[in-house]
file query.tsv (TSV, C-alpha atoms)
chain	number	residue	atom	x	y	z
A	1	MET	CA	183.28	-51.68	1.81
A	2	PRO	CA	184.09	-53.05	5.30
A	3	LEU	CA	181.66	-51.70	7.87
A	4	LEU	CA	182.92	-49.93	10.94
A	5	PRO	CA	181.87	-51.24	14.33
A	6	THR	CA	179.12	-49.29	16.03
A	7	LEU	CA	180.54	-45.82	16.35
A	8	THR	CA	180.52	-45.44	20.12
A	9	ALA	CA	183.58	-43.73	21.55
A	10	PRO	CA	184.97	-46.76	23.44
A	11	THR	CA	184.42	-49.06	20.47
A	12	LEU	CA	186.03	-46.67	18.02
A	13	THR	CA	188.96	-46.06	20.36
A	14	THR	CA	189.58	-49.78	20.72
A	15	TYR	CA	189.21	-50.36	16.99
A	16	VAL	CA	191.62	-47.59	15.97
A	17	ALA	CA	194.16	-48.59	18.63
A	18	ARG	CA	193.98	-52.26	17.60
A	19	THR	CA	194.35	-51.35	13.92
A	20	TYR	CA	197.41	-49.24	14.68
A	21	LEU	CA	198.99	-51.99	16.79
A	22	LYS	CA	198.62	-54.44	13.91
A	23	ALA	CA	200.20	-52.00	11.45
A	24	LEU	CA	202.98	-51.22	13.93
A	25	ALA	CA	203.71	-54.92	14.46
A	26	GLY	CA	204.01	-55.39	10.70
A	27	SER	CA	206.37	-52.40	10.44
A	28	VAL	CA	208.54	-53.68	13.31
A	29	LEU	CA	208.81	-57.16	11.75
A	30	ALA	CA	209.67	-55.80	8.30
A	31	VAL	CA	212.31	-53.35	9.57
A	32	SER	CA	213.75	-55.95	11.97
A	33	ALA	CA	214.14	-58.46	9.13
A	34	LEU	CA	216.01	-55.90	7.00
A	35	LEU	CA	218.27	-54.81	9.86
A	36	LEU	CA	219.00	-58.43	10.76
A	37	LEU	CA	219.91	-59.23	7.15
A	38	PHE	CA	222.25	-56.23	6.92
A	39	ASP	CA	223.89	-57.16	10.23
A	40	ILE	CA	224.51	-60.74	9.13
A	41	ILE	CA	226.11	-59.52	5.90
A	42	GLU	CA	228.28	-56.96	7.74
A	43	ILE	CA	229.44	-59.40	10.43
A	44	THR	CA	230.29	-62.01	7.80
A	45	ARG	CA	232.24	-59.40	5.81
A	46	ARG	CA	234.19	-58.29	8.88
A	47	ALA	CA	235.05	-61.87	9.74
A	48	GLY	CA	236.87	-62.03	6.40
A	49	SER	CA	238.89	-65.18	5.90
A	50	ARG	CA	238.54	-66.27	9.53
A	51	GLN	CA	236.26	-69.22	10.10
A	52	VAL	CA	233.29	-67.98	12.13
A	53	ASP	CA	230.48	-70.39	12.94
A	54	LEU	CA	227.03	-69.52	11.69
A	55	ASP	CA	225.58	-69.69	15.20
A	56	VAL	CA	228.12	-67.05	16.33
A	57	VAL	CA	227.15	-64.76	13.44
A	58	LEU	CA	223.43	-65.19	14.19
A	59	THR	CA	223.96	-64.62	17.91
A	60	MET	CA	225.86	-61.40	17.24
A	61	ALA	CA	223.22	-60.22	14.77
A	62	PHE	CA	220.34	-60.91	17.19
A	63	ASP	CA	222.23	-59.26	20.06
A	64	HIS	CA	222.81	-56.17	17.93
A	65	LEU	CA	219.26	-56.03	16.54
A	66	PRO	CA	217.45	-54.44	19.55
A	67	MET	CA	219.88	-51.52	19.68
A	68	THR	CA	219.75	-50.83	15.93
A	69	LEU	CA	215.97	-51.11	16.07
A	70	GLN	CA	215.95	-48.45	18.81
A	71	SER	CA	217.47	-45.99	16.34
A	72	ALA	CA	214.86	-46.86	13.70
A	73	LEU	CA	211.84	-46.66	16.02
A	74	PRO	CA	210.79	-43.10	15.02
A	75	PHE	CA	210.54	-44.23	11.36
A	76	VAL	CA	208.77	-47.46	12.39
A	77	PHE	CA	206.12	-45.65	14.44
A	78	MET	CA	205.54	-43.07	11.71
A	79	GLY	CA	205.36	-45.83	9.11
A	80	GLY	CA	202.74	-47.66	11.18
A	81	ALA	CA	200.63	-44.49	11.33
A	82	VAL	CA	200.86	-43.92	7.56
A	83	ILE	CA	199.85	-47.56	6.91
A	84	VAL	CA	196.80	-47.24	9.20
A	85	PHE	CA	195.58	-44.02	7.59
A	86	TRP	CA	196.16	-45.45	4.10
A	87	ARG	CA	194.15	-48.60	4.90
A	88	LEU	CA	191.29	-46.67	6.49
A	89	ALA	CA	191.20	-44.24	3.56
A	90	ARG	CA	191.14	-47.03	0.96
A	91	SER	CA	188.27	-48.79	2.75
A	92	SER	CA	186.44	-45.44	3.20
A	93	GLU	CA	186.35	-46.01	6.95
A	94	LEU	CA	188.20	-42.73	7.45
A	95	VAL	CA	185.51	-40.95	5.45
A	96	VAL	CA	182.78	-42.50	7.61
A	97	ILE	CA	184.56	-41.54	10.82
A	98	ARG	CA	184.88	-37.93	9.69
A	99	ALA	CA	181.30	-37.90	8.37
A	100	VAL	CA	179.82	-38.71	11.80
A	101	GLY	CA	181.50	-35.64	13.27
A	102	MET	CA	184.72	-37.11	14.68
A	103	SER	CA	187.54	-34.57	14.66
A	104	VAL	CA	191.09	-35.46	13.81
A	105	TRP	CA	192.04	-35.05	17.47
A	106	GLN	CA	189.43	-37.58	18.63
A	107	PHE	CA	190.63	-39.99	15.97
A	108	LEU	CA	194.30	-39.56	16.85
A	109	THR	CA	193.89	-39.76	20.63
A	110	PRO	CA	193.87	-43.59	20.89
A	111	ILE	CA	196.87	-43.87	18.55
A	112	LEU	CA	198.84	-41.25	20.47
A	113	GLY	CA	197.94	-42.96	23.74
A	114	VAL	CA	199.25	-46.28	22.44
A	115	VAL	CA	202.44	-44.61	21.14
A	116	LEU	CA	203.09	-42.84	24.44
A	117	LEU	CA	202.56	-46.08	26.39
A	118	LEU	CA	204.81	-48.10	24.07
A	119	GLY	CA	207.45	-45.37	24.11
A	120	THR	CA	207.51	-45.42	27.92
A	121	LEU	CA	207.72	-49.22	28.00
A	122	ASN	CA	210.53	-49.08	25.46
A	123	VAL	CA	212.60	-46.79	27.70
A	124	THR	CA	211.88	-48.50	31.02
A	125	MET	CA	211.79	-52.17	29.97
A	126	LEU	CA	213.12	-52.80	26.47
A	127	ASN	CA	216.08	-50.42	26.67
A	128	PRO	CA	217.72	-52.27	29.61
A	129	LEU	CA	217.38	-55.53	27.66
A	130	ALA	CA	218.78	-53.92	24.50
A	131	ALA	CA	221.72	-52.46	26.47
A	132	ARG	CA	222.55	-55.85	27.98
A	133	LEU	CA	222.41	-57.57	24.58
A	134	TYR	CA	224.48	-54.80	22.98
A	135	ALA	CA	227.16	-55.22	25.65
A	136	SER	CA	227.23	-58.93	24.81
A	137	TYR	CA	227.50	-58.07	21.11
A	138	GLU	CA	230.48	-55.78	21.79
A	139	ARG	CA	232.28	-58.53	23.70
A	140	MET	CA	231.79	-60.93	20.81
A	141	GLU	CA	232.74	-58.21	18.33
A	142	ALA	CA	236.11	-57.83	20.07
A	143	THR	CA	236.96	-61.41	19.08
A	144	LEU	CA	236.71	-60.41	15.40
A	145	ASP	CA	239.47	-57.85	15.90
A	146	ALA	CA	242.03	-60.57	16.75
A	147	GLY	CA	243.40	-58.67	19.73
A	148	THR	CA	244.03	-55.43	17.88
A	149	LYS	CA	241.98	-53.49	20.42
A	150	ALA	CA	242.94	-52.98	24.04
A	151	PRO	CA	239.95	-54.09	26.13
A	152	ILE	CA	239.17	-51.58	28.86
A	153	ALA	CA	236.51	-51.82	31.55
A	154	MET	CA	235.64	-49.50	34.42
A	155	SER	CA	233.53	-50.45	37.43
A	156	ASN	CA	233.30	-49.75	41.13
A	157	GLY	CA	236.25	-52.15	41.59
A	158	GLY	CA	238.52	-49.94	39.51
A	159	LEU	CA	239.90	-49.73	35.99
A	160	TRP	CA	240.92	-52.89	34.11
A	161	LEU	CA	243.25	-52.65	31.11
A	162	ARG	CA	244.64	-55.34	28.87
A	163	GLU	CA	247.26	-54.95	26.17
A	164	THR	CA	248.70	-57.48	23.75
A	165	HIS	CA	252.41	-57.23	22.90
A	166	PRO	CA	254.69	-59.41	20.74
A	167	ASP	CA	256.19	-60.88	23.92
A	168	GLY	CA	252.83	-61.59	25.59
A	169	GLN	CA	250.01	-59.80	27.39
A	170	VAL	CA	249.80	-57.30	30.24
A	171	VAL	CA	246.70	-57.01	32.43
A	172	VAL	CA	246.46	-53.92	34.65
A	173	LEU	CA	244.11	-53.29	37.57
A	174	ALA	CA	244.02	-49.73	38.94
A	175	ARG	CA	241.86	-49.58	42.09
A	176	GLY	CA	241.85	-45.80	42.06
A	177	VAL	CA	241.46	-43.63	38.96
A	178	ARG	CA	241.48	-39.87	38.66
A	179	GLN	CA	241.75	-37.50	35.72
A	180	VAL	CA	243.58	-34.34	36.75
A	181	ASP	CA	243.51	-31.76	33.96
A	182	HIS	CA	244.70	-33.82	30.97
A	183	THR	CA	246.64	-36.37	33.01
A	184	LEU	CA	245.45	-39.80	34.11
A	185	VAL	CA	246.46	-40.71	37.65
A	186	LEU	CA	246.24	-44.39	38.65
A	187	GLN	CA	246.48	-45.54	42.25
A	188	ASN	CA	247.13	-48.94	43.85
A	189	LEU	CA	248.02	-50.70	40.61
A	190	THR	CA	248.58	-54.39	40.00
A	191	LEU	CA	250.06	-55.63	36.71
A	192	PHE	CA	250.06	-59.23	35.57
A	193	ARG	CA	252.48	-60.21	32.79
A	194	PHE	CA	251.88	-63.27	30.63
A	195	GLY	CA	254.18	-64.78	28.02
A	196	PRO	CA	253.28	-65.54	24.38
A	197	ASP	CA	252.28	-69.04	25.52
A	198	GLY	CA	249.82	-67.58	28.02
A	199	ARG	CA	251.85	-68.63	31.08
A	200	PHE	CA	252.14	-66.25	34.04
A	201	ARG	CA	255.50	-64.47	34.26
A	202	GLU	CA	255.39	-61.81	36.96
A	203	ARG	CA	253.23	-59.58	39.11
A	204	VAL	CA	253.96	-55.88	39.58
A	205	ASP	CA	252.41	-53.84	42.41
A	206	ALA	CA	252.75	-50.06	42.46
A	207	ARG	CA	251.42	-47.28	44.61
A	208	THR	CA	250.79	-44.83	41.74
A	209	GLY	CA	251.16	-44.69	37.99
A	210	GLY	CA	250.57	-42.51	34.98
A	211	LEU	CA	250.78	-42.49	31.19
A	212	ASP	CA	253.73	-40.72	29.60
A	213	HIS	CA	254.88	-41.00	25.96
A	214	GLU	CA	253.63	-44.51	25.17
A	215	ALA	CA	254.70	-45.83	28.56
A	216	LEU	CA	253.15	-46.52	31.94
A	217	VAL	CA	255.35	-44.92	34.62
A	218	LEU	CA	255.01	-46.60	38.03
A	219	SER	CA	256.28	-45.49	41.43
A	220	GLU	CA	256.99	-47.44	44.65
A	221	VAL	CA	257.06	-50.73	42.76
A	222	ILE	CA	257.27	-54.32	44.03
A	223	VAL	CA	257.92	-57.06	41.45
A	224	SER	CA	257.30	-60.72	42.25
A	225	ARG	CA	258.19	-63.69	40.00
A	226	PRO	CA	257.57	-67.39	40.60
A	227	GLY	CA	260.56	-68.85	42.48
A	228	ASP	CA	262.43	-65.50	42.79
A	229	PRO	CA	262.70	-63.06	45.74
A	230	LEU	CA	260.74	-59.81	45.68
A	231	GLU	CA	262.33	-56.85	43.89
A	232	VAL	CA	261.67	-53.26	44.94
A	233	TYR	CA	262.08	-50.24	42.63
A	234	PRO	CA	261.41	-46.54	43.28
A	235	THR	CA	260.13	-46.20	39.68
A	236	LEU	CA	259.51	-48.54	36.79
A	237	THR	CA	258.55	-47.89	33.18
A	238	VAL	CA	256.31	-50.35	31.34
A	239	PRO	CA	255.85	-49.94	27.55
A	240	SER	CA	252.25	-49.17	26.63
A	241	ARG	CA	250.33	-47.96	23.57
A	242	LEU	CA	247.56	-46.57	25.73
A	243	THR	CA	246.71	-42.88	25.76
A	244	LEU	CA	244.13	-40.91	27.69
A	245	PRO	CA	241.87	-40.36	24.61
A	246	LYS	CA	242.01	-44.11	23.84
A	247	ILE	CA	240.98	-44.95	27.39
A	248	GLN	CA	238.14	-42.43	27.36
A	249	ASP	CA	236.88	-43.68	23.98
A	250	SER	CA	237.02	-47.28	25.15
A	251	PHE	CA	234.84	-46.84	28.22
A	252	SER	CA	231.37	-48.33	28.10
A	253	PRO	CA	229.43	-46.57	25.32
A	254	PRO	CA	226.17	-44.98	26.49
A	255	GLU	CA	224.20	-47.59	24.52
A	256	THR	CA	225.60	-50.43	26.67
A	257	VAL	CA	224.30	-48.89	29.91
A	258	SER	CA	220.71	-49.48	31.01
A	259	PHE	CA	218.42	-46.50	31.43
A	260	TRP	CA	218.07	-47.31	35.13
A	261	ASP	CA	221.85	-47.59	35.62
A	262	LEU	CA	222.79	-44.40	33.75
A	263	PRO	CA	222.41	-41.93	36.68
A	264	GLU	CA	224.66	-44.05	38.94
A	265	PHE	CA	227.15	-44.59	36.10
A	266	ILE	CA	227.27	-40.86	35.37
A	267	ALA	CA	227.87	-40.02	39.04
A	268	PHE	CA	230.63	-42.62	39.33
A	269	PHE	CA	232.23	-41.51	36.07
A	270	GLU	CA	232.28	-37.84	37.04
A	271	ALA	CA	233.55	-38.66	40.55
A	272	ALA	CA	236.61	-40.20	38.86
A	273	GLY	CA	237.25	-36.92	37.05
A	274	PHE	CA	236.08	-38.07	33.61
A	275	SER	CA	233.50	-36.40	31.40
A	276	ALA	CA	230.15	-38.18	31.24
A	277	HIS	CA	228.77	-35.75	28.68
A	278	ALA	CA	227.82	-38.44	26.14
A	279	HIS	CA	226.10	-40.58	28.80
A	280	ARG	CA	224.15	-37.63	30.19
A	281	LEU	CA	223.03	-36.65	26.67
A	282	HIS	CA	221.97	-40.25	26.00
A	283	TRP	CA	219.96	-40.29	29.24
A	284	HIS	CA	218.09	-37.11	28.28
A	285	ALA	CA	217.49	-38.47	24.78
A	286	LEU	CA	215.95	-41.64	26.24
A	287	ILE	CA	213.60	-39.60	28.42
A	288	ALA	CA	212.60	-37.49	25.40
A	289	SER	CA	212.16	-40.50	23.08
A	290	PRO	CA	208.43	-41.15	23.85
A	291	LEU	CA	207.68	-37.55	22.91
A	292	LEU	CA	209.70	-37.96	19.71
A	293	LEU	CA	207.64	-41.05	18.77
A	294	VAL	CA	204.42	-39.08	19.36
A	295	ALA	CA	205.75	-36.23	17.22
A	296	MET	CA	206.64	-38.64	14.39
A	297	VAL	CA	203.13	-40.13	14.43
A	298	LEU	CA	201.68	-36.62	14.23
A	299	MET	CA	203.99	-35.91	11.29
A	300	GLY	CA	202.76	-39.08	9.60
A	301	ALA	CA	199.18	-37.91	10.13
A	302	VAL	CA	199.96	-34.63	8.36
A	303	PHE	CA	200.69	-36.54	5.14
A	304	SER	CA	197.90	-39.13	5.48
A	305	LEU	CA	194.70	-37.70	6.89
A	306	LYS	CA	193.36	-36.17	3.66
A	307	PRO	CA	191.88	-39.27	1.99
A	308	SER	CA	192.44	-39.75	-1.70
A	309	GLN	CA	192.09	-42.78	-3.92
A	310	ARG	CA	194.69	-41.70	-6.46
A	311	SER	CA	197.82	-43.80	-6.24
A	312	VAL	CA	199.98	-40.94	-7.52
A	313	ASN	CA	198.66	-38.74	-4.71
A	314	TRP	CA	199.48	-41.39	-2.10
A	315	LEU	CA	202.93	-41.89	-3.57
A	316	ALA	CA	203.59	-38.17	-3.18
A	317	ARG	CA	202.35	-38.32	0.41
A	318	ILE	CA	204.61	-41.27	1.23
A	319	ILE	CA	207.60	-39.49	-0.29
A	320	GLY	CA	206.72	-36.40	1.73
A	321	ALA	CA	206.47	-38.43	4.95
A	322	LEU	CA	209.83	-40.10	4.28
A	323	SER	CA	211.42	-36.73	3.55
A	324	ALA	CA	210.03	-35.33	6.80
A	325	GLY	CA	211.34	-38.38	8.67
A	326	PHE	CA	214.84	-37.94	7.27
A	327	GLY	CA	214.64	-34.25	8.10
A	328	VAL	CA	213.92	-35.10	11.75
A	329	PHE	CA	216.77	-37.64	11.70
A	330	PHE	CA	219.18	-35.02	10.33
A	331	LEU	CA	218.00	-32.48	12.93
A	332	SER	CA	218.56	-35.02	15.71
A	333	LYS	CA	222.08	-35.80	14.53
A	334	VAL	CA	222.97	-32.10	14.29
A	335	THR	CA	221.63	-31.24	17.75
A	336	TYR	CA	223.25	-34.32	19.33
A	337	THR	CA	226.58	-33.44	17.74
A	338	LEU	CA	226.30	-29.88	19.06
A	339	GLY	CA	225.40	-31.30	22.46
A	340	LEU	CA	228.41	-33.64	22.51
A	341	SER	CA	230.71	-30.75	21.58
A	342	GLU	CA	229.11	-28.72	24.41
A	343	THR	CA	228.03	-26.05	21.92
A	344	LEU	CA	224.44	-26.60	23.08
A	345	PRO	CA	223.30	-27.42	26.61
A	346	ILE	CA	222.61	-31.13	27.00
A	347	ALA	CA	218.90	-30.75	27.76
A	348	LEU	CA	218.38	-28.43	24.79
A	349	ALA	CA	220.24	-30.79	22.44
A	350	ALA	CA	218.14	-33.79	23.52
A	351	TRP	CA	214.72	-32.13	23.65
A	352	THR	CA	214.94	-29.88	20.58
A	353	PRO	CA	214.12	-32.54	17.91
A	354	PRO	CA	210.89	-33.84	19.54
A	355	LEU	CA	209.69	-30.36	20.51
A	356	ILE	CA	210.31	-28.82	17.07
A	357	THR	CA	208.86	-31.83	15.24
A	358	GLY	CA	205.80	-31.91	17.49
A	359	CYS	CA	205.14	-28.17	17.16
A	360	VAL	CA	205.49	-28.22	13.36
A	361	ALA	CA	203.21	-31.27	13.06
A	362	LEU	CA	200.57	-29.74	15.35
A	363	ALA	CA	200.62	-26.46	13.44
A	364	MET	CA	200.14	-28.28	10.11
A	365	LEU	CA	197.34	-30.44	11.54
A	366	PHE	CA	195.55	-27.37	12.91
A	367	HIS	CA	195.82	-25.80	9.46
A	368	LEU	CA	194.49	-28.92	7.69
A	369	GLU	CA	191.67	-29.45	10.18
A	370	ASP	CA	190.48	-25.93	10.78
A	371	GLY	CA	192.13	-23.92	7.99
call {"tool": "encode", "arguments": {"input": "query.tsv", "output": "structure tokens"}}
result
Amino acid sequence: MPLLPTLTAPTLTTYVARTYLKALAGSVLAVSALLLLFDIIEITRRAGSRQVDLDVVLTMAFDHLPMTLQSALPFVFMGGAVIVFWRLARSSELVVIRAVGMSVWQFLTPILGVVLLLGTLNVTMLNPLAARLYASYERMEATLDAGTKAPIAMSNGGLWLRETHPDGQVVVLARGVRQVDHTLVLQNLTLFRFGPDGRFRERVDARTGGLDHEALVLSEVIVSRPGDPLEVYPTLTVPSRLTLPKIQDSFSPPETVSFWDLPEFIAFFEAAGFSAHAHRLHWHALIASPLLLVAMVLMGAVFSLKPSQRSVNWLARIIGALSAGFGVFFLSKVTYTLGLSETLPIALAAWTPPLITGCVALAMLFHLEDG
């Protein structure tokens, strides 16, 4: 039986924390490898018959990996806790720790401290990196759609739209954007028309514009073409497949915006008259994520802290932990969906899963420890 280090509080704290970090690193590597493999297969499938270089597929998979790993982190952290408790139980170290009078709370404190620290670092440091890589992945993903999507981008400079038509492309810059009721109002527009060969055809400047029945209706229009005099029109209709829902759905997804940039993005988005409900919910969920990781580790402890050498017993515990993890995942999806539909307040939708999971896990641990 491996001997524990001298059971002083600092030594035990360091030992337990180090053991958990090793198990967590193993869980992260294993889950990352699986997610990376699935991404490579999916990207290759979507490429279909088109020739896509292997380095492009790998780059897309690695860019997408941090964001998919973010979604799996609660399972990863709980899995690391279950592995630690299983190892310590098999080596009887857990029995020794409990025999010298250490309570479950003293034993869990270093692990929960590590989880809380890593969860905070994930939100403040790793999330901005994951958002930047995910934005790069989305740009590369658009190339797989062979121009079937209309790229849309919104920034402090205005709204950029691009549409592909049989007779060429149209690029639109609207320097002012407002949503009034269910109508999109564009101000100070500039349109650039390109032919099928990619050559510039004309520039259209308009004071205002709006979407109406698969067309972009412009007012106070000036059209300029190479070698021709300027043409002025009171109104001009430009064919377009864009609709207000398409534009709203195509704005930067919450996952592509860094945690630090989300408040400014939300303020800018709402100032333009658009709903930033999804971004605000994502921001609250990021703030609540360290608490969710702590709650998942506590849930893992519920199924692991009663040592047993019987493999069947451990199998049942692992199945129970996985079932609890999927239950938390389902609860999160339900509350987030209710939050997006504005059935629940945003803060309640984001904080309900970690609070309920943490309270249930604490109640079960109190029962196991003192019951």
call {"tool": "residues_around", "arguments": {"input": "query.tsv", "residues": "range 119-124 of chain A", "least_positions_apart": "2", "cutoff": "8 Å", "atoms": "only C-alpha atoms", "output": "compact mmCIF listing (two decimals) with C-alpha atoms, in the frame of the given file"}}
result
# COMPACT_ATOMS: atom_id res chain seq x y z
CA VAL A 115 202.44 -44.61 21.14
CA LEU A 116 203.09 -42.84 24.44
CA LEU A 117 202.56 -46.08 26.39
CA LEU A 126 213.12 -52.80 26.47
CA ASN A 127 216.08 -50.42 26.67
CA PRO A 128 217.72 -52.27 29.61
CA PHE A 259 218.42 -46.50 31.43
CA TRP A 260 218.07 -47.31 35.13
CA LEU A 286 215.95 -41.64 26.24
CA ILE A 287 213.60 -39.60 28.42
CA SER A 289 212.16 -40.50 23.08
CA PRO A 290 208.43 -41.15 23.85
CA LEU A 291 207.68 -37.55 22.91
CA LEU A 293 207.64 -41.05 18.77
call {"tool": "atom_distance", "arguments": {"input": "query.tsv", "atom1": "CA of Val172 in chain A", "atom2": "CA of Val204 in chain A"}}
result
9.2 Å
call {"tool": "atom_distance", "arguments": {"input": "query.tsv", "atom1": "CA of Phe268 in chain A", "atom2": "CA of Leu173 in chain A"}}
result
17.3 Å
call {"tool": "closest_residue", "arguments": {"input": "query.tsv", "among": "A:Gln106, A:Leu118, A:Leu218, A:Phe269", "to": "Leu159 in chain A", "atoms": "all atoms listed in the file"}}
result
A:Phe269
call {"tool": "atom_distance", "arguments": {"input": "query.tsv", "atom1": "CA of Pro354 in chain A", "atom2": "CA of Ala81 in chain A"}}
result
16.9 Å
call {"tool": "residues_around", "arguments": {"input": "query.tsv", "residues": "His64 in chain A", "least_positions_apart": "6", "cutoff": "10 Å", "atoms": "only C-alpha atoms", "output": "VMD selection string"}}
result
chain A and resid 35 to 36 39 58 130 to 131 133 to 138
